[in-house]
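Everything on this sheet refers to the single structure shown next.
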Amino acid sequence: VRCQLSPPQRALQTSAVLRRVSDEQKEPLASSSQQQFDSHPADPQPEQEPQGPRPSYTGQGGQESEDYESEEQLQHRILTAALEFVPEHGWTAEAIAEGAKTLGLSVAAAGMFHSDGSELVLHFVSQCNTKLSELLEQEQKQVQLGEAEKKPTEQFLRDAVEARLRMLIPYIEKWPQALSILLLPHNIPDSLNLLTSMIDDIWHYAGDQSTDFNWYTRRAVLTGVYNTTELVMMQDSSPDFEDTWRFLESRVADAMNMGNTANQVQSTGEAVVQGLMGAAVTVSNAETSGAVR
Amino acid sequence: LCGSVRGLAAGPEAHFGFQSVTEAERREKIYQVFESVAKKYDVMNDSMTLGIHRVWKDILVHKMNPSPGTLLLDVAGGTGDIAFRFINYVRSIRERQLQRRLKHHQNLSWQEIFESYQADKSKSLGDSQVVVCDINKEMLKVGKQKAEHLGYSEGLSWVLGDAEELPFDDDKFDVYTIAFGIRNVTRIDLALQEAYRVLKPGGRFLCLEFSHVSNPLLSRLYDLYSFQVIPVLGEVIAGDWKSYQYLVESIRRFPPQEELKAMIEDAGFLKVDYQNLNSGIVAIHSGFKL
């Protein structure tokens, strides 16, 4: 994750902002959110070398580059800090600028990102997906340890989708804006990727081990359920989004029944075909016997 | 060894257009160039670039996307083009912010609305400020006159200073811009280091400058236009052939995009990148102090 294609890690020893990774590790092992909102200002490095001409390539994957956080990690920190300001400013460069300010950086640091707020939304979605995976992983462990019962698939899917959608609640006012940003052409590859990997994760933890066409149908169906429920949630004003969860329940039930319906259709189809074949044989027999006579 | 052959009195080598001069001579010659063109600077810009330089400068400020409260240092900003655009941009963003805020406060009492309006009215720029720094007194004079003429007064200050040794403290500014100025700096590396010094952590460096055209056909046409047309325009409009000959030659001597990018990285900036405008006739380089 820390490897960069170009330019290589450079002049990080006198970097004004990028923190030593060791500083991050010294903090108490609290939850990740606490780490990001801590009050550590961006301290300038103690060894301030005189500003002389520096060689072009420093720390090429050597010891030094491992000690300092990369630009990407700093960007993640800024985006996480910016989430706090989304309810007020929306998914915009302004929110990112405010986030940078809380980290002790100049507002100009928001210039590192796209001016339409894309990275902020993608970062948030990715964060939510990671949280969901961790949640499902924990649940699975509990089942393995015998501390909890294994849920039936329908219940599992419902709970997973509900847990994931609940993460949107603090930002629900501005979520329509986020959806429209995710649909921008230059964001579609990334947003589609995030969506499919999330759905994949849910099915994996649901115990899906299919290797045939079912794999595709299951994912397509769950994607449909998720997307429609999300849209319903946008317009839901019931207390604690009850209507949304009820909608979700019906959709998941439909999805489960679809499997049975598919089988029924197939056997009906087979029966119909057999009937037609029989009729054709009968007709041709009747003709030949008629011709013989 | 070459220096000692040339003579002990000579200083470090530099170039003035296609001539070879000492650094001290170069600084003086450039000062004289701008002293003589100052009054006709804007007119010449318009006629040489057919007005396109306005678009380039607009693109620079759009790329900057400053939010209200930004502190800008515009170096070699002479006649104030970037500074005025910055002020306009911040003002319009500020207005939009205020409108949005008023829309949210639909059910306030009249008293509260009045108070909020009062508070915001005094900050039409929202604390944004721009400092225009230039080494040349004449260019600053022209800039100040322009500002008066166009009605810019708030959030603007004019400082005489050398890009290689800025008269400002460390960690002061949010954005540092230098538009069509870095070509005239004798020690570019010093100017970049100064830029790094005066920027706040997280601050942005933006450089708008003529650069190298890679497309061979366009390059031929551009050369033709530069060497045949521009000095003539200089003579006709500003009465100064030599200065515009210098201009064209200095563009050719300036390092290309990748080299300038490496120099910016050497000064300590990260996430350095450039954007070509008009296939490389002009390039915007951007870097962050992280």
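Residue numbering restarts at 1 in every chain; chains get A, B, ... in the order shown in the structure tokens, and ligands count up from 1 in that same order.
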
>> So that I can check the surroundings of range 138-147 of chain B, please list as a PyMOL selection string every protein, DNA and RNA residue that reaches within 8 Å of it, counting only C-alpha atoms and ignoring chain neighbours fewer than 4 positions away.
In response: chain B and resi 34-35+38-39+78-80+84+134+151-153+158+160

Residue subset to file, keeping C-alpha atoms, as a PDB file, in the first residue's frame:
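This is the output file again-v4.pdb:
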ATOM      1  CA  PHE B  34      10.545  45.197 -17.124  1.00  0.00           C
ATOM      2  CA  GLU B  35      11.160  48.790 -16.230  1.00  0.00           C
ATOM      3  CA  ALA B  38       5.832  48.085 -17.516  1.00  0.00           C
ATOM      4  CA  LYS B  39       3.395  50.600 -18.960  1.00  0.00           C
ATOM      5  CA  GLY B  78       3.466  42.886 -11.147  1.00  0.00           C
ATOM      6  CA  THR B  79       0.340  44.195 -12.748  1.00  0.00           C
ATOM      7  CA  GLY B  80      -1.977  42.129 -10.593  1.00  0.00           C
ATOM      8  CA  PHE B  84      -7.693  40.413  -9.279  1.00  0.00           C
ATOM      9  CA  ASP B 134       7.334  41.973  -7.305  1.00  0.00           C
ATOM     10  CA  GLY B 151     -11.981  49.358  -7.821  1.00  0.00           C
ATOM     11  CA  TYR B 152     -10.100  46.667  -5.941  1.00  0.00           C
ATOM     12  CA  SER B 153      -9.192  47.796  -2.473  1.00  0.00           C
ATOM     13  CA  TRP B 158       1.608  45.316  -2.641  1.00  0.00           C
ATOM     14  CA  LEU B 160       8.457  45.017  -3.111  1.00  0.00           C
TER      15      LEU B 160
END

>> I need the residues of range 109-174 of chain B that end up classed as helix (DSSP H, G or I) by DSSP on the backbone, written out as an NGL selection string.
In response: :B and (110-121 or 137-150)

>> Using only C-alpha atoms, which protein or nucleic acid residues come within 12 Å of Trp56 in chain B? Drop anything in the same chain fewer than 6 positions from it, and give the result as a ChimeraX atom specification.
In response: /B:45-46,49-50,62-63,81-82,85,179-180,207-210,275-278,280-284

>> Using only C-alpha atoms, which protein or nucleic acid residues come within 12 Å of Phe227 in chain B? Drop anything in the same chain fewer than 3 positions from it, and give the result as a list in words.
In response: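 Non-adjacent residues within range: Met48, Arg220, Leu221, Tyr222, Asp223, Leu224, Ile230, Pro231, Val232, Leu233, Gly234, Trp241, Lys242, Tyr244, Gln245, Tyr246, Leu247, Val248, Glu249, Ser250, Ile251 and Arg252 of chain B.
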
Sort by chain and increasing residue number a table of all residues of chain B within 7 Å of chain A, each with its closest pair of atoms and their distance in Å to one decimal, counting only C-alpha atoms, and write it as a Markdown table.
| residue | atom | partner | partner_atom | distance |
| --- | --- | --- | --- | --- |
| B:Met64 | CA | A:Gly111 | CA | 6.8 |
| B:Asp174 | CA | A:Ser106 | CA | 5.6 |
| B:Val175 | CA | A:Ala108 | CA | 6.5 |
| B:Lys200 | CA | A:Ser106 | CA | 6.1 |
| B:Pro201 | CA | A:Leu105 | CA | 5.4 |
| B:Gly202 | CA | A:Leu105 | CA | 4.7 |
| B:Gly203 | CA | A:Ala108 | CA | 5.3 |
| B:Arg204 | CA | A:Ala108 | CA | 5.8 |
| B:Asp266 | CA | A:Arg54 | CA | 5.8 |
| B:Gly268 | CA | A:Ala11 | CA | 6.0 |
| B:Lys289 | CA | A:Ala16 | CA | 6.9 |
| B:Leu290 | CA | A:Val17 | CA | 4.9 |

Could you turn the residues from that selection into a file that holds N, CA and C atoms, as a PDB file, in the first residue's frame?
ATOM      1  N   MET B  64      -6.760  26.476  -8.824  1.00  0.00           N
ATOM      2  CA  MET B  64      -6.491  26.787  -7.426  1.00  0.00           C
ATOM      3  C   MET B  64      -7.739  26.563  -6.589  1.00  0.00           C
ATOM      4  N   ASP B 174      -1.253  30.191   2.264  1.00  0.00           N
ATOM      5  CA  ASP B 174      -1.934  28.970   1.840  1.00  0.00           C
ATOM      6  C   ASP B 174      -1.543  28.589   0.420  1.00  0.00           C
ATOM      7  N   VAL B 175      -1.435  29.600  -0.447  1.00  0.00           N
ATOM      8  CA  VAL B 175      -1.092  29.328  -1.835  1.00  0.00           C
ATOM      9  C   VAL B 175      -0.023  30.308  -2.293  1.00  0.00           C
ATOM     10  N   LYS B 200       2.403  27.430   4.269  1.00  0.00           N
ATOM     11  CA  LYS B 200       1.981  26.667   5.443  1.00  0.00           C
ATOM     12  C   LYS B 200       2.064  25.189   5.117  1.00  0.00           C
ATOM     13  N   PRO B 201       2.122  24.314   6.145  1.00  0.00           N
ATOM     14  CA  PRO B 201       2.020  22.882   5.860  1.00  0.00           C
ATOM     15  C   PRO B 201       0.683  22.593   5.182  1.00  0.00           C
ATOM     16  N   GLY B 202       0.729  21.869   4.098  1.00  0.00           N
ATOM     17  CA  GLY B 202      -0.487  21.626   3.320  1.00  0.00           C
ATOM     18  C   GLY B 202      -0.681  22.658   2.240  1.00  0.00           C
ATOM     19  N   GLY B 203       0.193  23.680   2.219  1.00  0.00           N
ATOM     20  CA  GLY B 203       0.035  24.748   1.245  1.00  0.00           C
ATOM     21  C   GLY B 203       0.389  24.305  -0.165  1.00  0.00           C
ATOM     22  N   ARG B 204      -0.049  25.088  -1.141  1.00  0.00           N
ATOM     23  CA  ARG B 204       0.097  24.699  -2.539  1.00  0.00           C
ATOM     24  C   ARG B 204       0.958  25.688  -3.306  1.00  0.00           C
ATOM     25  N   ASP B 266      12.776  18.731  -5.910  1.00  0.00           N
ATOM     26  CA  ASP B 266      14.018  18.917  -5.167  1.00  0.00           C
ATOM     27  C   ASP B 266      13.856  19.905  -4.036  1.00  0.00           C
ATOM     28  N   GLY B 268      11.442  20.106  -2.186  1.00  0.00           N
ATOM     29  CA  GLY B 268      10.735  19.487  -1.077  1.00  0.00           C
ATOM     30  C   GLY B 268       9.244  19.324  -1.284  1.00  0.00           C
ATOM     31  N   LYS B 289       3.174  21.316  -0.079  1.00  0.00           N
ATOM     32  CA  LYS B 289       4.134  21.214   1.011  1.00  0.00           C
ATOM     33  C   LYS B 289       3.517  20.279   2.040  1.00  0.00           C
ATOM     34  N   LEU B 290       3.948  19.047   2.046  1.00  0.00           N
ATOM     35  CA  LEU B 290       3.341  18.066   2.940  1.00  0.00           C
ATOM     36  C   LEU B 290       4.350  17.541   3.934  1.00  0.00           C
TER      37      LEU B 290
END

> So which residues touch Ala14 in chain B within 10 Å, counting only C-alpha atoms, skipping near sequence neighbours fewer than 2 positions away, as a PyMOL selection string?
Replying inline: chain B and resi 11-12+16-17+19-27+186-187
